[in-house]
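Q: Sharing a structure, written as structure tokens. Questions coming.
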There are 2 protein chains.
Amino acid sequence: MKRSLETIQYDKKAEALAMYAKALSHPMRVSILNYLENQTCCYTGDLVDVFPLAQSTISQHLKELKNAGLIQGELKPPKIKYCINQENWAIAKELFNRFFD
Amino acid sequence: MKRSLETIQYDKKAEALAMYAKALSHPMRVSILNYLENQTCCYTGDLVDVFPLAQSTISQHLKELKNAGLIQGELKPPKIKYCINQENWAIAKELFNRFFD
DNA sequence: AAAACCAATCGTAAATTTGCGATAATAAAA
DNA sequence: TTTTATTATCGCAAATTTACGATTGGTTTT
């Protein structure tokens with residue numbers, strides 16, 4: 001896109017909130033997080049069984065959630081166990097709480 | 001994108017949360033909402049003065065927030081006064097509250 | 001060492017998002 | 001009625017997102 005030359009500087013909290021919101025902006029990713037909240041943890045394969053999306057697509061969504069810091073993966077060869085990252089989860093929770101007054 | 005033929009059916013609340021999250025997924029839109037929370041209401045022109053983005057771009061962001069239901073516009077010719085849509089705001093707040101346990 | 005298992009990454013394609021300038025639309029004011 | 005003020009919309013271009021199948025990369029069995 002034709003961008004302004006200088007990158008716009010936004011408020012740090014606004015940027016952080018937008019970052020987490022972006023991670024939550026797809027129903028599949030919200031569903032994954034809901035699933036994780038109930039199951040405590042899960043493997044990629046569990047999600048592939050539950051949701052009608054290709055394994056590679058689900059893996060991509062997991063990657064985005066991981067990049068946003070909302071989940072973390074633990075090597076449990078040959079599987080990978082994903083859990084919610086409680087620390088960042090709390091940060092996001094606080095951000096949204098404050099945002100919505 | 002190459003989509004599955006049948007559209008995937010997600011949980012209604014997951015879809016609603018994702019919809020609101022999408023509206024919040026850009027720092028400019030978060031900034032607009034922060035501004036609106038402090039000022040109660042504002043005109044498009046106010047935002048054009050405050051933020052270094054083209055008027056058309058800001059108008060587009062406002063449109064997205066309106067489509068998501070988070071704000072509403074009141075004709076105040078020749079201006080348009082934007083306010084937070086309290087009803088939907090409360091719904092979104094509740095959704096995020098529940099989501100983050 | 002070879003085979004099997006599971007998940008990440010690559011390559012690709014289509015859709016969507018973001019941004020801008022230019023133009024249109026609407027209503028008030030002159 | 002013409003001009004002015006304000007905001008929305010259009011048309012375009014670049015970037016990003018979403019999705020898939022195919023391939024690769026680690027580990028563990030065999």
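Here's how to read the names in the structure tokens: chain A, B, ... by the order shown, residue numbers from 1 in each chain, ligand numbers from 1 in the order shown.
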Would you mind aligning chain A to chain B, a least-squares fit over all C-alpha atoms taken in order, and returning the superposed chain as a PDB file with C-alpha atoms, in the first residue's frame?
A:
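Written out: superposed.pdb:
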```
ATOM      1  CA  MET A   1      -7.953 -17.987  -1.357  1.00  0.00           C
ATOM      2  CA  LYS A   2      -8.754 -21.587  -2.095  1.00  0.00           C
ATOM      3  CA  ARG A   3     -11.591 -22.166   0.357  1.00  0.00           C
ATOM      4  CA  SER A   4     -13.385 -25.221   1.512  1.00  0.00           C
ATOM      5  CA  LEU A   5     -16.632 -25.374  -0.413  1.00  0.00           C
ATOM      6  CA  GLU A   6     -18.835 -25.275   2.631  1.00  0.00           C
ATOM      7  CA  THR A   7     -18.279 -22.323   4.858  1.00  0.00           C
ATOM      8  CA  ILE A   8     -17.085 -23.459   8.243  1.00  0.00           C
ATOM      9  CA  GLN A   9     -19.553 -23.033  11.053  1.00  0.00           C
ATOM     10  CA  TYR A  10     -18.029 -21.549  14.157  1.00  0.00           C
ATOM     11  CA  ASP A  11     -19.533 -20.927  17.540  1.00  0.00           C
ATOM     12  CA  LYS A  12     -21.675 -17.780  17.480  1.00  0.00           C
ATOM     13  CA  LYS A  13     -19.822 -16.193  20.367  1.00  0.00           C
ATOM     14  CA  ALA A  14     -16.470 -17.020  18.828  1.00  0.00           C
ATOM     15  CA  GLU A  15     -17.611 -15.334  15.638  1.00  0.00           C
ATOM     16  CA  ALA A  16     -18.883 -12.267  17.445  1.00  0.00           C
ATOM     17  CA  LEU A  17     -15.691 -11.957  19.447  1.00  0.00           C
ATOM     18  CA  ALA A  18     -13.582 -12.310  16.306  1.00  0.00           C
ATOM     19  CA  MET A  19     -15.699  -9.645  14.632  1.00  0.00           C
ATOM     20  CA  TYR A  20     -15.103  -7.135  17.412  1.00  0.00           C
ATOM     21  CA  ALA A  21     -11.462  -8.130  17.682  1.00  0.00           C
ATOM     22  CA  LYS A  22     -11.055  -7.451  13.994  1.00  0.00           C
ATOM     23  CA  ALA A  23     -12.412  -3.958  14.486  1.00  0.00           C
ATOM     24  CA  LEU A  24      -9.804  -3.470  17.218  1.00  0.00           C
ATOM     25  CA  SER A  25      -6.977  -5.050  15.237  1.00  0.00           C
ATOM     26  CA  HIS A  26      -5.546  -1.784  13.938  1.00  0.00           C
ATOM     27  CA  PRO A  27      -3.858   0.742  16.254  1.00  0.00           C
ATOM     28  CA  MET A  28      -5.535   3.613  14.460  1.00  0.00           C
ATOM     29  CA  ARG A  29      -8.963   2.244  15.257  1.00  0.00           C
ATOM     30  CA  VAL A  30      -8.008   1.620  18.876  1.00  0.00           C
ATOM     31  CA  SER A  31      -6.735   5.202  19.010  1.00  0.00           C
ATOM     32  CA  ILE A  32      -9.993   6.518  17.576  1.00  0.00           C
ATOM     33  CA  LEU A  33     -11.959   4.652  20.216  1.00  0.00           C
ATOM     34  CA  ASN A  34      -9.681   5.890  22.984  1.00  0.00           C
ATOM     35  CA  TYR A  35     -10.193   9.398  21.697  1.00  0.00           C
ATOM     36  CA  LEU A  36     -13.946   8.903  21.645  1.00  0.00           C
ATOM     37  CA  GLU A  37     -13.940   7.559  25.178  1.00  0.00           C
ATOM     38  CA  ASN A  38     -12.271  10.706  26.429  1.00  0.00           C
ATOM     39  CA  GLN A  39     -14.143  13.221  24.290  1.00  0.00           C
ATOM     40  CA  THR A  40     -17.531  11.517  24.534  1.00  0.00           C
ATOM     41  CA  CYS A  41     -18.018  12.371  20.868  1.00  0.00           C
ATOM     42  CA  CYS A  42     -16.060  13.810  17.963  1.00  0.00           C
ATOM     43  CA  TYR A  43     -16.172  14.834  14.330  1.00  0.00           C
ATOM     44  CA  THR A  44     -14.202  13.265  11.523  1.00  0.00           C
ATOM     45  CA  GLY A  45     -12.324  16.533  11.168  1.00  0.00           C
ATOM     46  CA  ASP A  46     -11.079  16.365  14.753  1.00  0.00           C
ATOM     47  CA  LEU A  47      -9.400  13.063  13.987  1.00  0.00           C
ATOM     48  CA  VAL A  48      -7.923  14.366  10.746  1.00  0.00           C
ATOM     49  CA  ASP A  49      -6.314  17.143  12.781  1.00  0.00           C
ATOM     50  CA  VAL A  50      -4.975  14.804  15.440  1.00  0.00           C
ATOM     51  CA  PHE A  51      -3.772  11.836  13.394  1.00  0.00           C
ATOM     52  CA  PRO A  52      -1.343  11.957  10.473  1.00  0.00           C
ATOM     53  CA  LEU A  53      -3.499  10.033   8.051  1.00  0.00           C
ATOM     54  CA  ALA A  54      -5.451  11.149   4.992  1.00  0.00           C
ATOM     55  CA  GLN A  55      -9.072  12.139   5.497  1.00  0.00           C
ATOM     56  CA  SER A  56     -10.221   9.290   3.285  1.00  0.00           C
ATOM     57  CA  THR A  57      -8.240   6.762   5.287  1.00  0.00           C
ATOM     58  CA  ILE A  58      -9.682   7.942   8.572  1.00  0.00           C
ATOM     59  CA  SER A  59     -13.141   7.869   7.067  1.00  0.00           C
ATOM     60  CA  GLN A  60     -12.524   4.264   6.079  1.00  0.00           C
ATOM     61  CA  HIS A  61     -11.506   3.318   9.604  1.00  0.00           C
ATOM     62  CA  LEU A  62     -14.619   5.030  10.957  1.00  0.00           C
ATOM     63  CA  LYS A  63     -16.693   3.027   8.517  1.00  0.00           C
ATOM     64  CA  GLU A  64     -15.235  -0.224   9.803  1.00  0.00           C
ATOM     65  CA  LEU A  65     -15.896   0.740  13.398  1.00  0.00           C
ATOM     66  CA  LYS A  66     -19.438   1.642  12.405  1.00  0.00           C
ATOM     67  CA  ASN A  67     -19.913  -1.637  10.541  1.00  0.00           C
ATOM     68  CA  ALA A  68     -18.726  -3.541  13.578  1.00  0.00           C
ATOM     69  CA  GLY A  69     -21.291  -1.570  15.577  1.00  0.00           C
ATOM     70  CA  LEU A  70     -18.819  -0.005  17.975  1.00  0.00           C
ATOM     71  CA  ILE A  71     -19.604   3.568  16.977  1.00  0.00           C
ATOM     72  CA  GLN A  72     -22.509   5.441  15.503  1.00  0.00           C
ATOM     73  CA  GLY A  73     -22.735   8.667  13.514  1.00  0.00           C
ATOM     74  CA  GLU A  74     -25.228  11.430  14.073  1.00  0.00           C
ATOM     75  CA  LEU A  75     -25.871  13.973  11.333  1.00  0.00           C
ATOM     76  CA  LYS A  76     -24.951  17.430  12.593  1.00  0.00           C
ATOM     77  CA  PRO A  77     -24.761  19.217   9.249  1.00  0.00           C
ATOM     78  CA  PRO A  78     -22.450  19.822   7.705  1.00  0.00           C
ATOM     79  CA  LYS A  79     -20.545  17.623  10.125  1.00  0.00           C
ATOM     80  CA  ILE A  80     -21.117  14.167  11.481  1.00  0.00           C
ATOM     81  CA  LYS A  81     -20.803  13.535  15.165  1.00  0.00           C
ATOM     82  CA  TYR A  82     -19.470  10.134  16.072  1.00  0.00           C
ATOM     83  CA  CYS A  83     -20.090   8.503  19.417  1.00  0.00           C
ATOM     84  CA  ILE A  84     -19.494   5.111  20.912  1.00  0.00           C
ATOM     85  CA  ASN A  85     -22.472   2.803  20.526  1.00  0.00           C
ATOM     86  CA  GLN A  86     -22.990   2.046  24.184  1.00  0.00           C
ATOM     87  CA  GLU A  87     -25.236  -0.946  23.605  1.00  0.00           C
ATOM     88  CA  ASN A  88     -22.800  -2.852  21.423  1.00  0.00           C
ATOM     89  CA  TRP A  89     -19.894  -1.597  23.463  1.00  0.00           C
ATOM     90  CA  ALA A  90     -21.398  -3.350  26.463  1.00  0.00           C
ATOM     91  CA  ILE A  91     -21.892  -6.522  24.435  1.00  0.00           C
ATOM     92  CA  ALA A  92     -18.274  -6.496  23.274  1.00  0.00           C
ATOM     93  CA  LYS A  93     -17.073  -5.777  26.790  1.00  0.00           C
ATOM     94  CA  GLU A  94     -19.023  -8.733  28.099  1.00  0.00           C
ATOM     95  CA  LEU A  95     -17.707 -11.016  25.349  1.00  0.00           C
ATOM     96  CA  PHE A  96     -14.094 -10.140  26.069  1.00  0.00           C
ATOM     97  CA  ASN A  97     -14.632 -10.366  29.810  1.00  0.00           C
ATOM     98  CA  ARG A  98     -16.033 -13.866  29.508  1.00  0.00           C
ATOM     99  CA  PHE A  99     -13.393 -14.883  27.020  1.00  0.00           C
ATOM    100  CA  PHE A 100     -10.552 -13.925  29.331  1.00  0.00           C
ATOM    101  CA  ASP A 101     -12.134 -15.910  32.172  1.00  0.00           C
TER     102      ASP A 101
END
```
Q: Up to 9 Å from chain B, what residues of chain D turn up? Count only C-alpha atoms (C1' of nucleotides) and give them as a ChimeraX atom specification.
A: /D:5-9,18-20
Q: As a short mmCIF file (atom, residue, chain, number, x, y, z; two decimals) with N, CA and C atoms, in the first residue's frame, list the residues of chain A assigned to strand (DSSP E or B) by DSSP on the backbone atoms of this structure.
A:
```cif
data_model
loop_
_atom_site.label_atom_id
_atom_site.label_comp_id
_atom_site.auth_asym_id
_atom_site.auth_seq_id
_atom_site.Cartn_x
_atom_site.Cartn_y
_atom_site.Cartn_z
N CYS A 41 -4.45 -28.02 27.80
CA CYS A 41 -3.45 -28.10 26.75
C CYS A 41 -3.96 -28.97 25.61
N CYS A 42 -3.29 -28.94 24.47
CA CYS A 42 -3.67 -29.83 23.38
C CYS A 42 -2.56 -29.95 22.36
N TYR A 43 -2.69 -30.96 21.51
CA TYR A 43 -1.74 -31.16 20.42
C TYR A 43 -2.35 -30.65 19.13
N ILE A 71 -0.10 -18.21 23.17
CA ILE A 71 0.11 -19.63 23.48
C ILE A 71 1.60 -19.94 23.43
N GLN A 72 1.93 -21.10 23.95
CA GLN A 72 3.31 -21.55 23.87
C GLN A 72 3.32 -23.04 23.60
N GLY A 73 4.36 -23.51 22.91
CA GLY A 73 4.45 -24.92 22.56
C GLY A 73 5.57 -25.60 23.33
N GLU A 74 5.25 -26.79 23.82
CA GLU A 74 6.24 -27.57 24.56
C GLU A 74 6.52 -28.85 23.79
N LEU A 75 7.78 -29.11 23.50
CA LEU A 75 8.14 -30.32 22.76
C LEU A 75 7.84 -31.56 23.59
N LYS A 76 7.03 -32.43 23.01
CA LYS A 76 6.63 -33.68 23.66
C LYS A 76 6.72 -34.74 22.58
N LYS A 79 5.18 -35.18 19.37
CA LYS A 79 4.11 -34.19 19.31
C LYS A 79 4.58 -32.87 19.90
N ILE A 80 3.72 -31.90 19.83
CA ILE A 80 3.98 -30.61 20.47
C ILE A 80 2.76 -30.25 21.26
N LYS A 81 2.96 -30.00 22.53
CA LYS A 81 1.84 -29.68 23.40
C LYS A 81 1.70 -28.17 23.51
N TYR A 82 0.55 -27.68 23.12
CA TYR A 82 0.31 -26.25 23.20
C TYR A 82 -0.52 -25.89 24.43
N CYS A 83 -0.10 -24.83 25.09
CA CYS A 83 -0.84 -24.32 26.24
C CYS A 83 -0.99 -22.81 26.10
N ILE A 84 -1.91 -22.28 26.84
CA ILE A 84 -2.04 -20.83 26.92
C ILE A 84 -0.85 -20.27 27.69
#
```
Q: Counting only C-alpha atoms (C1' of nucleotides), a student should be able to say which residues of chain C come within 10 Å of chain B; what is the right answer, written as a count of residues only?
A: 12
Q: Quick check for you: according to DSSP on this backbone, which residues of chain B are classed as alpha helix (DSSP H)? Reply as an NGL selection string.
A: :B and (12-23 or 27-39 or 44-50 or 55-68 or 86-99)
